[in-house]
file data.txt (compact mmCIF, C-alpha atoms and all ligand atoms)
# COMPACT_ATOMS: atom_id res chain seq x y z
CA MET A 1 -40.76 73.88 -0.67
CA MET A 2 -42.36 71.68 -3.34
CA PRO A 3 -46.00 72.51 -3.99
CA VAL A 4 -48.31 70.18 -2.12
CA SER A 5 -50.71 68.14 -4.24
CA MET A 6 -54.39 68.04 -3.44
CA VAL A 7 -55.59 65.61 -0.80
CA GLY A 8 -59.18 64.49 -0.20
CA ARG A 9 -62.07 65.99 -2.23
CA ALA A 10 -62.48 62.78 -4.26
CA GLY A 11 -66.27 62.84 -3.88
CA GLU A 12 -66.43 66.46 -5.00
CA LEU A 13 -64.20 65.77 -8.02
CA ALA A 14 -66.39 62.85 -9.07
CA GLU A 15 -69.55 64.93 -8.74
CA LEU A 16 -68.10 67.76 -10.83
CA ASP A 17 -67.03 65.22 -13.43
CA ARG A 18 -70.58 63.85 -13.61
CA ALA A 19 -71.93 67.39 -14.08
CA TRP A 20 -69.43 67.93 -16.89
CA SER A 21 -70.43 64.70 -18.61
CA THR A 22 -74.06 65.86 -18.80
CA VAL A 23 -72.82 68.88 -20.78
CA ALA A 24 -70.11 67.14 -22.81
CA GLY A 25 -72.50 64.34 -23.73
CA SER A 26 -74.92 67.07 -24.93
CA ARG A 27 -77.70 65.59 -22.83
CA ARG A 28 -78.87 69.06 -21.91
CA SER A 29 -79.15 72.30 -23.82
CA ALA A 30 -79.24 74.68 -20.84
CA PRO A 31 -76.08 75.07 -18.75
CA ALA A 32 -75.29 72.74 -15.86
CA VAL A 33 -74.40 74.60 -12.69
CA ALA A 34 -72.02 73.79 -9.83
CA VAL A 35 -71.69 76.08 -6.82
CA ILE A 36 -68.73 75.56 -4.48
CA THR A 37 -68.83 77.43 -1.19
CA GLY A 38 -66.41 77.53 1.72
CA GLU A 39 -64.37 79.73 4.01
CA ALA A 40 -61.31 81.64 2.81
CA GLY A 41 -58.45 79.30 1.93
CA VAL A 42 -60.43 76.07 2.25
CA GLY A 43 -59.45 74.94 -1.25
CA LYS A 44 -62.22 76.04 -3.63
CA SER A 45 -59.89 77.27 -6.38
CA LEU A 46 -57.65 74.23 -6.15
CA LEU A 47 -60.68 71.94 -6.46
CA VAL A 48 -61.90 73.82 -9.53
CA ALA A 49 -58.45 73.65 -11.12
CA ALA A 50 -58.14 69.92 -10.38
CA ALA A 51 -61.62 69.21 -11.75
CA LEU A 52 -60.87 71.18 -14.94
CA ASP A 53 -57.63 69.27 -15.38
CA ALA A 54 -59.43 65.96 -15.17
CA PHE A 55 -62.44 66.68 -17.40
CA ALA A 56 -62.73 64.25 -20.29
CA PRO A 57 -63.48 64.96 -23.05
CA ARG A 58 -61.51 68.19 -22.82
CA PRO A 59 -63.68 71.32 -22.87
CA ALA A 60 -63.57 73.06 -26.25
CA VAL A 61 -63.64 76.43 -24.48
CA VAL A 62 -62.82 77.55 -20.95
CA LEU A 63 -63.84 81.05 -19.89
CA SER A 64 -62.48 81.83 -16.46
CA GLY A 65 -62.60 85.07 -14.54
CA ALA A 66 -62.49 86.56 -11.07
CA ALA A 67 -63.04 89.99 -9.58
CA ARG A 68 -59.78 91.73 -10.29
CA VAL A 69 -59.92 95.09 -8.63
CA HIS A 70 -60.34 96.12 -5.06
CA SER A 71 -63.46 98.16 -5.72
CA PRO A 72 -65.16 96.00 -8.33
CA ALA A 73 -66.10 97.62 -11.64
CA PRO A 74 -69.19 96.63 -13.64
CA TYR A 75 -68.91 93.33 -15.52
CA ASP A 76 -65.56 92.64 -13.93
CA TRP A 77 -65.94 88.90 -14.51
CA LEU A 78 -66.42 89.39 -18.22
CA ALA A 79 -63.63 91.97 -18.42
CA ALA A 80 -61.32 89.39 -16.79
CA VAL A 81 -62.45 86.77 -19.33
CA LEU A 82 -61.81 89.17 -22.23
CA THR A 83 -58.33 90.20 -21.04
CA GLY A 84 -55.74 89.11 -23.58
CA ARG A 85 -58.35 87.45 -25.81
CA ASP A 86 -58.64 88.26 -29.51
CA THR A 87 -62.18 89.58 -29.89
CA SER A 88 -61.75 91.12 -33.36
CA GLY A 89 -63.75 88.31 -34.97
CA LEU A 90 -66.77 88.71 -32.68
CA ASP A 91 -69.88 90.06 -34.32
CA LEU A 92 -70.48 92.88 -31.82
CA PRO A 93 -70.21 96.69 -31.84
CA PRO A 94 -66.52 97.44 -31.06
CA ASP A 95 -67.36 100.23 -28.61
CA ALA A 96 -69.63 97.89 -26.62
CA LEU A 97 -66.83 95.32 -26.49
CA ALA A 98 -64.38 98.02 -25.40
CA TRP A 99 -66.81 99.05 -22.65
CA LEU A 100 -67.36 95.49 -21.43
CA ALA A 101 -63.60 94.83 -21.52
CA GLN A 102 -63.08 98.01 -19.43
CA GLN A 103 -60.67 99.44 -21.95
CA PRO A 104 -59.66 102.97 -20.97
CA THR A 105 -60.63 104.28 -24.42
CA ALA A 106 -64.21 103.03 -24.08
CA PRO A 107 -66.96 105.63 -24.39
CA ARG A 108 -68.76 106.25 -21.11
CA GLU A 109 -72.45 105.57 -20.49
CA ARG A 110 -73.55 104.92 -24.04
CA TYR A 111 -75.63 101.85 -23.35
CA ALA A 112 -78.66 101.32 -21.14
CA PRO A 113 -78.08 98.69 -18.41
CA GLY A 114 -80.52 96.21 -20.00
CA THR A 115 -78.76 96.53 -23.36
CA LEU A 116 -75.37 95.97 -21.76
CA LEU A 117 -76.59 92.83 -20.02
CA ARG A 118 -77.89 91.44 -23.33
CA LEU A 119 -74.62 92.34 -25.03
CA ALA A 120 -72.64 90.67 -22.24
CA VAL A 121 -74.65 87.46 -22.61
CA ARG A 122 -74.09 87.63 -26.36
CA VAL A 123 -70.33 87.97 -25.93
CA VAL A 124 -70.32 84.80 -23.82
CA ARG A 125 -72.51 82.96 -26.36
CA LEU A 126 -70.19 83.91 -29.19
CA LEU A 127 -67.12 82.81 -27.22
CA VAL A 128 -68.76 79.51 -26.24
CA GLY A 129 -69.82 78.81 -29.81
CA ALA A 130 -70.79 75.15 -30.24
CA GLY A 131 -69.02 74.30 -26.97
CA PRO A 132 -68.90 72.30 -24.86
CA ALA A 133 -67.53 74.97 -22.57
CA VAL A 134 -66.69 75.48 -18.94
CA LEU A 135 -67.43 78.90 -17.46
CA VAL A 136 -65.51 79.46 -14.23
CA VAL A 137 -66.60 82.24 -11.89
CA GLU A 138 -64.03 82.61 -9.11
CA ASP A 139 -64.75 84.61 -5.96
CA LEU A 140 -68.38 85.40 -6.67
CA HIS A 141 -68.49 87.05 -3.23
CA ALA A 142 -66.17 89.79 -4.50
CA LEU A 143 -68.00 90.48 -7.76
CA ASP A 144 -69.87 93.63 -8.74
CA PRO A 145 -73.69 93.61 -9.07
CA ALA A 146 -73.61 93.63 -12.90
CA SER A 147 -71.44 90.51 -12.95
CA LEU A 148 -73.75 88.79 -10.45
CA ASN A 149 -76.64 89.57 -12.74
CA LEU A 150 -74.75 88.26 -15.75
CA VAL A 151 -73.85 85.02 -13.99
CA GLY A 152 -77.51 84.52 -13.08
CA GLU A 153 -78.55 85.12 -16.70
CA LEU A 154 -75.95 82.67 -18.01
CA ALA A 155 -77.14 79.97 -15.59
CA THR A 156 -80.61 80.12 -17.09
CA ALA A 157 -79.69 80.85 -20.72
CA ALA A 158 -81.31 78.50 -23.22
CA ASP A 159 -79.07 76.60 -25.64
CA LEU A 160 -75.80 77.38 -23.94
CA PRO A 161 -73.70 74.17 -23.94
CA ALA A 162 -71.69 74.93 -20.84
CA LEU A 163 -70.92 73.93 -17.29
CA LEU A 164 -70.98 76.98 -15.05
CA VAL A 165 -68.70 76.48 -12.04
CA VAL A 166 -68.95 79.12 -9.33
CA ALA A 167 -66.61 79.35 -6.33
CA THR A 168 -67.47 81.67 -3.49
CA ARG A 169 -66.86 82.44 0.14
CA PRO A 170 -70.02 82.54 2.26
CA ALA A 171 -72.44 85.27 1.17
CA ALA A 172 -71.95 87.03 4.52
CA ASP A 173 -68.37 87.85 3.37
CA ALA A 174 -69.60 89.35 0.10
CA VAL A 175 -69.09 92.90 -1.11
CA ALA A 176 -72.88 93.07 -1.56
CA PRO A 177 -74.25 90.30 0.72
CA ASP A 178 -77.92 90.64 -0.28
CA LEU A 179 -77.11 90.52 -3.98
CA ALA A 180 -74.77 87.58 -3.47
CA VAL A 181 -77.48 85.68 -1.60
CA ARG A 182 -79.91 86.35 -4.43
CA ALA A 183 -77.41 85.32 -7.11
CA LEU A 184 -76.59 82.10 -5.24
CA ALA A 185 -80.27 81.29 -4.80
CA ARG A 186 -80.77 81.75 -8.53
CA LEU A 187 -77.82 79.49 -9.35
CA CYS A 188 -78.86 76.79 -6.90
CA GLY A 189 -82.41 76.90 -8.28
CA VAL A 190 -81.25 75.63 -11.67
CA ARG A 191 -82.46 72.07 -12.25
CA GLY A 192 -79.84 69.55 -11.20
CA ALA A 193 -77.51 72.21 -9.76
CA VAL A 194 -74.58 70.70 -7.85
CA ARG A 195 -73.89 72.33 -4.48
CA GLN A 196 -70.73 71.64 -2.59
CA HIS A 197 -69.71 73.13 0.73
CA LEU A 198 -66.05 72.50 1.43
CA GLY A 199 -65.10 71.98 5.05
CA PRO A 200 -61.59 71.95 6.54
CA LEU A 201 -59.29 69.00 5.97
CA LEU A 202 -59.71 66.01 8.28
CA PRO A 203 -56.77 64.96 10.47
CA ALA A 204 -56.06 62.03 8.11
CA GLU A 205 -55.88 64.48 5.18
CA VAL A 206 -53.55 66.78 7.12
CA ALA A 207 -51.43 63.67 7.77
CA GLU A 208 -51.35 63.01 4.01
CA VAL A 209 -50.10 66.54 3.33
CA LEU A 210 -47.46 66.25 6.04
CA THR A 211 -46.31 62.92 4.59
CA GLN A 212 -45.87 64.56 1.18
CA VAL A 213 -43.47 67.05 2.76
CA TYR A 214 -41.82 64.92 5.44
CA ALA A 215 -41.70 61.37 4.07
CA ASP A 216 -38.90 60.28 6.36
CA PRO A 217 -39.33 60.08 9.27
CA ARG A 218 -43.10 59.77 8.91
CA PRO A 219 -44.86 62.46 10.94
CA SER A 220 -46.11 61.08 14.25
CA GLY A 221 -49.79 60.99 15.22
CA ARG A 222 -49.05 63.53 17.94
CA LEU A 223 -47.56 65.93 15.40
CA VAL A 224 -50.49 65.47 13.00
CA ARG A 225 -53.02 66.21 15.72
CA ALA A 226 -51.10 69.28 16.89
CA VAL A 227 -50.80 70.66 13.33
CA TRP A 228 -54.46 69.94 12.67
CA ARG A 229 -55.44 71.85 15.82
CA ARG A 230 -53.09 74.68 15.02
CA THR A 231 -54.43 75.21 11.50
CA GLY A 232 -58.04 74.17 12.09
CA GLY A 233 -57.53 71.93 9.03
CA ASN A 234 -57.55 75.03 6.79
CA PRO A 235 -55.33 74.14 3.78
CA TYR A 236 -54.19 77.71 3.28
CA LEU A 237 -53.04 78.02 6.89
CA LEU A 238 -51.43 74.60 6.57
CA THR A 239 -49.46 75.48 3.44
CA GLU A 240 -48.37 78.78 5.01
CA LEU A 241 -47.24 76.97 8.15
CA LEU A 242 -45.27 74.51 6.01
CA ALA A 243 -43.71 77.34 3.99
CA ALA A 244 -42.74 79.25 7.14
CA HIS A 245 -40.87 76.19 8.42
CA ALA A 246 -39.52 74.89 5.11
CA GLY A 247 -36.14 73.21 5.28
CA ARG A 248 -36.47 72.23 8.94
CA GLY A 249 -37.65 68.96 10.45
CA PRO A 250 -41.35 68.27 11.11
CA GLU A 251 -41.06 68.97 14.86
CA ALA A 252 -40.27 72.61 13.96
CA LEU A 253 -43.93 72.96 12.93
CA LEU A 254 -44.85 73.06 16.61
CA ARG A 255 -42.47 75.90 17.39
CA PRO A 256 -43.15 79.57 16.66
CA PRO A 257 -42.26 80.54 13.06
CA PRO A 258 -38.83 82.04 12.36
CA PRO A 259 -38.66 85.83 12.74
CA ALA A 260 -40.57 87.68 10.01
CA PRO A 261 -38.34 89.19 7.31
CA SER A 262 -38.27 92.98 7.29
CA ARG A 263 -40.75 94.73 5.03
CA ALA A 264 -38.00 95.83 2.64
CA ALA A 265 -36.68 92.30 2.28
CA ARG A 266 -40.13 91.01 1.40
CA SER A 267 -40.55 92.67 -1.99
CA THR A 268 -40.60 89.29 -3.74
CA PRO A 269 -43.74 87.39 -2.87
CA ALA A 270 -43.55 84.02 -1.14
CA PRO A 271 -43.78 81.00 -3.52
CA SER A 272 -47.38 80.42 -2.50
CA ALA A 273 -48.37 84.01 -3.31
CA ALA A 274 -49.94 83.00 -6.63
CA VAL A 275 -52.70 81.19 -4.82
CA VAL A 276 -53.04 83.19 -1.62
CA PRO A 277 -56.50 84.48 -0.88
CA ARG A 278 -56.92 88.12 -1.76
CA PRO A 279 -55.78 90.12 1.28
CA ALA A 280 -58.79 91.74 2.88
CA GLY A 281 -58.92 94.55 5.37
CA PRO A 282 -56.42 97.13 6.45
CA VAL A 283 -52.71 96.48 6.07
CA ASP A 284 -51.84 97.71 9.55
CA ALA A 285 -54.68 97.49 12.04
CA GLU A 286 -53.91 98.98 15.45
CA LEU A 287 -54.19 95.93 17.67
CA THR A 288 -53.71 95.94 21.43
CA GLY A 289 -51.30 93.51 23.06
CA ARG A 290 -54.19 91.36 24.29
CA GLU A 291 -55.81 91.32 20.86
CA ILE A 292 -52.54 90.11 19.36
CA GLU A 293 -52.47 87.28 21.92
CA VAL A 294 -56.07 86.35 21.07
CA LEU A 295 -55.18 86.46 17.37
CA GLY A 296 -52.39 83.98 18.14
CA CYS A 297 -55.06 81.66 19.55
CA LEU A 298 -57.16 82.03 16.38
CA VAL A 299 -54.11 81.20 14.25
CA ALA A 300 -53.68 78.14 16.45
CA GLY A 301 -57.25 77.12 15.63
CA MET A 302 -58.45 77.41 19.23
CA SER A 303 -62.05 77.84 20.34
CA ASN A 304 -62.95 80.79 22.58
CA LYS A 305 -62.99 78.44 25.53
CA GLN A 306 -59.50 77.13 24.76
CA ALA A 307 -58.23 80.68 24.20
CA ALA A 308 -59.70 81.78 27.53
CA ARG A 309 -57.93 78.92 29.29
CA ALA A 310 -54.61 79.53 27.49
CA LEU A 311 -54.62 83.26 28.32
CA GLY A 312 -56.17 82.98 31.78
CA ILE A 313 -59.10 85.30 31.00
CA SER A 314 -62.86 84.77 30.80
CA VAL A 315 -64.63 83.42 27.71
CA ARG A 316 -66.71 86.60 27.63
CA THR A 317 -63.59 88.74 27.41
CA VAL A 318 -62.24 86.56 24.61
CA THR A 319 -65.53 87.04 22.73
CA VAL A 320 -65.14 90.81 22.99
CA HIS A 321 -61.53 90.67 21.78
CA VAL A 322 -62.54 88.43 18.85
CA SER A 323 -65.28 90.77 17.72
CA ASN A 324 -62.89 93.75 17.94
CA LEU A 325 -60.33 91.76 15.97
CA LEU A 326 -62.83 90.96 13.23
CA ARG A 327 -63.74 94.63 12.94
CA LYS A 328 -60.17 95.94 13.02
CA THR A 329 -58.84 93.42 10.51
CA GLY A 330 -61.90 93.69 8.26
CA SER A 331 -62.47 89.93 8.56
CA ALA A 332 -65.82 88.20 8.33
CA SER A 333 -64.80 85.10 10.26
CA ARG A 334 -62.20 83.77 12.71
CA THR A 335 -60.50 81.89 9.88
CA GLU A 336 -60.23 85.08 7.86
CA ALA A 337 -58.70 86.89 10.83
CA ALA A 338 -56.17 84.07 11.23
CA ILE A 339 -55.38 84.24 7.51
CA TRP A 340 -55.03 88.01 7.82
CA ALA A 341 -52.39 87.48 10.49
CA VAL A 342 -50.58 84.76 8.56
CA GLN A 343 -50.53 86.78 5.32
CA ARG A 344 -48.92 89.69 7.09
CA ARG A 345 -46.44 87.35 8.78
CA LEU A 346 -47.54 88.93 12.05
CA ALA A 347 -45.43 87.74 14.92
CA VAL A 348 -48.37 86.48 16.96
CA PRO A 349 -47.35 84.50 20.02
CA THR A 350 -48.05 80.79 19.78
CA PRO A 351 -50.09 79.81 22.81
CA VAL A 352 -49.37 76.57 24.61
CA ASP A 353 -52.47 74.46 24.05
CA GLY A 354 -53.87 72.79 27.09
N1 LIG A 401 -57.30 69.57 -0.63
C1 LIG A 401 -56.13 70.20 -0.56
N2 LIG A 401 -54.98 69.51 -0.41
C2 LIG A 401 -53.78 70.15 -0.34
N3 LIG A 401 -53.64 71.49 -0.43
C3 LIG A 401 -54.74 72.24 -0.59
C4 LIG A 401 -56.04 71.63 -0.64
N4 LIG A 401 -56.95 72.60 -0.82
C5 LIG A 401 -56.25 73.75 -0.86
N5 LIG A 401 -54.93 73.54 -0.73
C6 LIG A 401 -53.91 74.59 -0.73
O1 LIG A 401 -54.36 75.61 0.16
C7 LIG A 401 -54.17 76.91 -0.42
C8 LIG A 401 -55.51 77.62 -0.52
O2 LIG A 401 -56.34 76.96 -1.47
P1 LIG A 401 -57.31 77.75 -2.47
O3 LIG A 401 -56.63 78.96 -3.00
O4 LIG A 401 -57.85 76.77 -3.43
O5 LIG A 401 -58.45 78.22 -1.44
P2 LIG A 401 -59.80 79.03 -1.75
O6 LIG A 401 -60.88 78.35 -1.01
O7 LIG A 401 -59.95 79.21 -3.22
O8 LIG A 401 -59.47 80.43 -1.04
P3 LIG A 401 -60.13 81.88 -1.35
O9 LIG A 401 -61.43 81.93 -0.59
O10 LIG A 401 -59.14 82.83 -0.78
O11 LIG A 401 -60.30 82.00 -2.82
C9 LIG A 401 -53.49 76.67 -1.74
O12 LIG A 401 -52.10 76.79 -1.54
C10 LIG A 401 -53.83 75.26 -2.11
O13 LIG A 401 -52.86 74.68 -2.93
MG MG A 402 -60.04 80.90 -4.44

call {"tool": "encode", "arguments": {"input": "data.txt", "output": "structure tokens"}}
result
Amino acid sequence: MMPVSMVGRAGELAELDRAWSTVAGSRRSAPAVAVITGEAGVGKSLLVAAALDAFAPRPAVVLSGAARVHSPAPYDWLAAVLTGRDTSGLDLPPDALAWLAQQPTAPRERYAPGTLLRLAVRVVRLLVGAGPAVLVVEDLHALDPASLNLVGELATAADLPALLVVATRPAADAVAPDLAVRALARLCGVRGAVRQHLGPLLPAEVAEVLTQVYADPRPSGRLVRAVWRRTGGNPYLLTELLAAHAGRGPEALLRPPPPAPSRAARSTPAPSAAVVPRPAGPVDAELTGREIEVLGCLVAGMSNKQAARALGISVRTVTVHVSNLLRKTGSASRTEAAIWAVQRRLAVPTPVDG
């Protein structure tokens, strides 16, 4: 399947572009800040990538990093930024650089935390140089406390000609929720900070995506509405649904996905794997038959009331199943649980929506 190009988000792109022009036009000496929040798979990373692509003039420097490891290590954002970068010309103690870059040869515990934070800020300053630069912090919710601290320092650093763009799931999903809340408050407190909360795609935007894939015949209004309901307008779920039914006609989208390939046959990742949200939670949660049915309803984007009607059980019982599902799959929200199911190609039954 051809990759789908971004739909909607024109207002957000324009606002990010305006933030960039305040930096690129050197109208401010402190960084400009943009914070993009939204549920898993809602399109934060794609928006950041599209905005970066469109920035004019081009940024002289882009420093981009995300939490890379499952149990985040200190200064993981900076270590990600430093990966593969030639730092030999930087005027910094080599062992400090090795420590911040998480090189295995780095000496342990030689620097006090305050010193390390100052050194980390200095590394970024040296890399930014005269700028103008864009600093991209992906997945702030998954970052370690030292990185959160560093990001907060950078947002308020004097004479740093940069736009700091932060993408994050809601703080409740964070590795350290209290620290994430504090870091976000600090970022949003910067003068002129741009805050964007991305919601799901609207039915018309889902229609646009479907038209990209199925130009002829044009997808019917009935199909668009059904796909919108089934995915809750979540772009990740939508692209996964499209990938699962690639090569078949649009009406196939309403049928259950083809049988999941066996584990052994799945060693090569699906084409969309480069952009899939980081899998969270256990690989194989022990779900009961009823929980799997309820999960099918979540994948279909149903409310508890709709799920109760589809399965012929009470709303209260659905609520209990949903909370057990969240716990067992390690998900923070219904969308995350649905994504969990889709990522594992779980054969969840597709309920008939009423
Ligand atoms: N506006 C959009 N139009 C079309 N496709 C989109 C849109 N937004 C996101 N997608 C697609 O949905 C998928 C998920 O998007 P993305 O990775 O940007 O989500 P995210 O919010 O960064 O997720 P996470 O919280 O896991 O980091 C990608 O395949 C992306 O290409
Ligand atoms: Mg992302």

call {"tool": "residues_near_ligand", "arguments": {"input": "data.txt", "ligand": "ligand MG 402 (chain A)", "cutoff": "12 Å", "atoms": "all atoms listed in the file", "output": "PyMOL selection string"}}
result
chain A and resi 36-49+65-67+136-142+166-169+198+235-236+274-279

call {"tool": "atom_distance", "arguments": {"input": "data.txt", "atom1": "atom CA of Arg191 of chain A", "atom2": "atom CA of Leu148 of chain A"}}
result
18.9 Å

call {"tool": "axis_aligned_box", "arguments": {"input": "data.txt", "around": "segment 138-152 of chain A", "padding_each_side": "4 Å", "output": "lines of an AutoDock Vina configuration file"}}
result
center_x = -70.8
center_y = 88.1
center_z = -9.5
size_x = 21.5
size_y = 19.0
size_z = 20.5

call {"tool": "closest_residue", "arguments": {"input": "data.txt", "among": "A:Gly249, A:Pro219, A:Pro104, A:Gly129", "to": "Leu90 of chain A", "atoms": "only C-alpha atoms"}}
result
A:Gly129

call {"tool": "closest_residue", "arguments": {"input": "data.txt", "among": "A:Ala243, A:Ala338, A:Ala50, A:Leu237", "to": "Val213 of chain A", "atoms": "all atoms listed in the file"}}
result
A:Ala243

call {"tool": "atom_distance", "arguments": {"input": "data.txt", "atom1": "atom CA of Val124 of chain A", "atom2": "atom CA of Glu153 of chain A"}}
result
10.9 Å

call {"tool": "residues_around", "arguments": {"input": "data.txt", "residues": "Val134 of chain A", "least_positions_apart": "3", "cutoff": "7 Å", "atoms": "all atoms listed in the file", "output": "ChimeraX atom specification"}}
result
/A:59,61-63,162-164

call {"tool": "closest_residue", "arguments": {"input": "data.txt", "among": "A:Val35, A:Ala56, A:Ala10, A:Val151", "to": "ligand LIG 401 (chain A)", "atoms": "all atoms listed in the file"}}
result
A:Ala10

call {"tool": "residues_around", "arguments": {"input": "data.txt", "residues": "Tyr75 of chain A", "least_positions_apart": "2", "cutoff": "7 Å", "atoms": "only C-alpha atoms", "output": "JSON, numbers by chain"}}
result
{"A": [73, 77, 78, 79, 100, 144, 146, 147]}

call {"tool": "residues_around", "arguments": {"input": "data.txt", "residues": "Thr288 of chain A", "least_positions_apart": "2", "cutoff": "12 Å", "atoms": "only C-alpha atoms", "output": "PyMOL selection string"}}
result
chain A and resi 285-286+290-295+321-322+324-325+328+348

call {"tool": "atom_distance", "arguments": {"input": "data.txt", "atom1": "atom CA of Arg334 of chain A", "atom2": "atom CA of Leu298 of chain A"}}
result
6.5 Å

call {"tool": "residues_around", "arguments": {"input": "data.txt", "residues": "Gly221 of chain A", "least_positions_apart": "4", "cutoff": "9 Å", "atoms": "only C-alpha atoms", "output": "JSON, numbers by chain"}}
result
{"A": [207, 225, 226]}

call {"tool": "closest_residue", "arguments": {"input": "data.txt", "among": "A:Gly189, A:Gly232, A:Gly296, A:Pro161", "to": "Ala30 of chain A", "atoms": "all atoms listed in the file"}}
result
A:Pro161

call {"tool": "closest_residue", "arguments": {"input": "data.txt", "among": "A:Leu92, A:Val123, A:Ala244, A:Leu201", "to": "ligand LIG 401 (chain A)", "atoms": "all atoms listed in the file"}}
result
A:Leu201

call {"tool": "closest_residue", "arguments": {"input": "data.txt", "among": "A:Glu336, A:Asp53, A:Asp76, A:Asp216", "to": "ligand LIG 401 (chain A)", "atoms": "all atoms listed in the file"}}
result
A:Glu336

call {"tool": "residues_around", "arguments": {"input": "data.txt", "residues": "Arg58 of chain A", "least_positions_apart": "5", "cutoff": "12 Å", "atoms": "only C-alpha atoms", "output": "list in words"}}
result
Asp17, Trp20, Ser21, Val23, Ala24, Gly25, Ala51, Leu52, Asp53, Gly131, Pro132, Ala133 and Val134 of chain A

call {"tool": "build_atoms", "arguments": {"input": "data.txt", "residues": "segment 30-42 of chain A", "atoms": "N, CA, C and O atoms", "output": "PDB file, in the frame of the given file"}}
result
ATOM      1  N   ALA A  30     -79.516  73.570 -21.750  1.00  0.00           N
ATOM      2  CA  ALA A  30     -79.240  74.680 -20.840  1.00  0.00           C
ATOM      3  C   ALA A  30     -77.973  74.341 -20.052  1.00  0.00           C
ATOM      4  O   ALA A  30     -77.586  73.179 -19.972  1.00  0.00           O
ATOM      5  N   PRO A  31     -77.307  75.347 -19.499  1.00  0.00           N
ATOM      6  CA  PRO A  31     -76.080  75.070 -18.750  1.00  0.00           C
ATOM      7  C   PRO A  31     -76.320  74.182 -17.533  1.00  0.00           C
ATOM      8  O   PRO A  31     -77.400  74.201 -16.960  1.00  0.00           O
ATOM      9  N   ALA A  32     -75.306  73.405 -17.164  1.00  0.00           N
ATOM     10  CA  ALA A  32     -75.290  72.740 -15.860  1.00  0.00           C
ATOM     11  C   ALA A  32     -74.566  73.694 -14.912  1.00  0.00           C
ATOM     12  O   ALA A  32     -73.705  74.459 -15.340  1.00  0.00           O
ATOM     13  N   VAL A  33     -74.941  73.643 -13.651  1.00  0.00           N
ATOM     14  CA  VAL A  33     -74.400  74.600 -12.690  1.00  0.00           C
ATOM     15  C   VAL A  33     -73.794  73.871 -11.502  1.00  0.00           C
ATOM     16  O   VAL A  33     -74.379  72.908 -11.005  1.00  0.00           O
ATOM     17  N   ALA A  34     -72.618  74.314 -11.066  1.00  0.00           N
ATOM     18  CA  ALA A  34     -72.020  73.790  -9.830  1.00  0.00           C
ATOM     19  C   ALA A  34     -71.589  74.970  -8.974  1.00  0.00           C
ATOM     20  O   ALA A  34     -70.888  75.869  -9.449  1.00  0.00           O
ATOM     21  N   VAL A  35     -72.038  74.993  -7.736  1.00  0.00           N
ATOM     22  CA  VAL A  35     -71.690  76.080  -6.820  1.00  0.00           C
ATOM     23  C   VAL A  35     -70.857  75.511  -5.676  1.00  0.00           C
ATOM     24  O   VAL A  35     -71.287  74.593  -4.980  1.00  0.00           O
ATOM     25  N   ILE A  36     -69.647  76.042  -5.521  1.00  0.00           N
ATOM     26  CA  ILE A  36     -68.730  75.560  -4.480  1.00  0.00           C
ATOM     27  C   ILE A  36     -68.550  76.673  -3.450  1.00  0.00           C
ATOM     28  O   ILE A  36     -68.063  77.751  -3.783  1.00  0.00           O
ATOM     29  N   THR A  37     -68.982  76.416  -2.228  1.00  0.00           N
ATOM     30  CA  THR A  37     -68.830  77.430  -1.190  1.00  0.00           C
ATOM     31  C   THR A  37     -67.829  76.957  -0.147  1.00  0.00           C
ATOM     32  O   THR A  37     -67.541  75.759  -0.050  1.00  0.00           O
ATOM     33  N   GLY A  38     -67.325  77.884   0.631  1.00  0.00           N
ATOM     34  CA  GLY A  38     -66.410  77.530   1.720  1.00  0.00           C
ATOM     35  C   GLY A  38     -65.654  78.754   2.189  1.00  0.00           C
ATOM     36  O   GLY A  38     -65.540  79.746   1.461  1.00  0.00           O
ATOM     37  N   GLU A  39     -65.132  78.643   3.402  1.00  0.00           N
ATOM     38  CA  GLU A  39     -64.370  79.730   4.010  1.00  0.00           C
ATOM     39  C   GLU A  39     -63.138  80.069   3.175  1.00  0.00           C
ATOM     40  O   GLU A  39     -62.695  79.254   2.359  1.00  0.00           O
ATOM     41  N   ALA A  40     -62.556  81.219   3.462  1.00  0.00           N
ATOM     42  CA  ALA A  40     -61.310  81.640   2.810  1.00  0.00           C
ATOM     43  C   ALA A  40     -60.250  80.541   2.972  1.00  0.00           C
ATOM     44  O   ALA A  40     -60.076  80.005   4.066  1.00  0.00           O
ATOM     45  N   GLY A  41     -59.593  80.205   1.870  1.00  0.00           N
ATOM     46  CA  GLY A  41     -58.450  79.300   1.930  1.00  0.00           C
ATOM     47  C   GLY A  41     -58.778  77.837   2.107  1.00  0.00           C
ATOM     48  O   GLY A  41     -57.903  77.011   2.322  1.00  0.00           O
ATOM     49  N   VAL A  42     -60.051  77.459   1.984  1.00  0.00           N
ATOM     50  CA  VAL A  42     -60.430  76.070   2.250  1.00  0.00           C
ATOM     51  C   VAL A  42     -60.136  75.150   1.060  1.00  0.00           C
ATOM     52  O   VAL A  42     -60.144  73.927   1.191  1.00  0.00           O
TER      53      VAL A  42
END
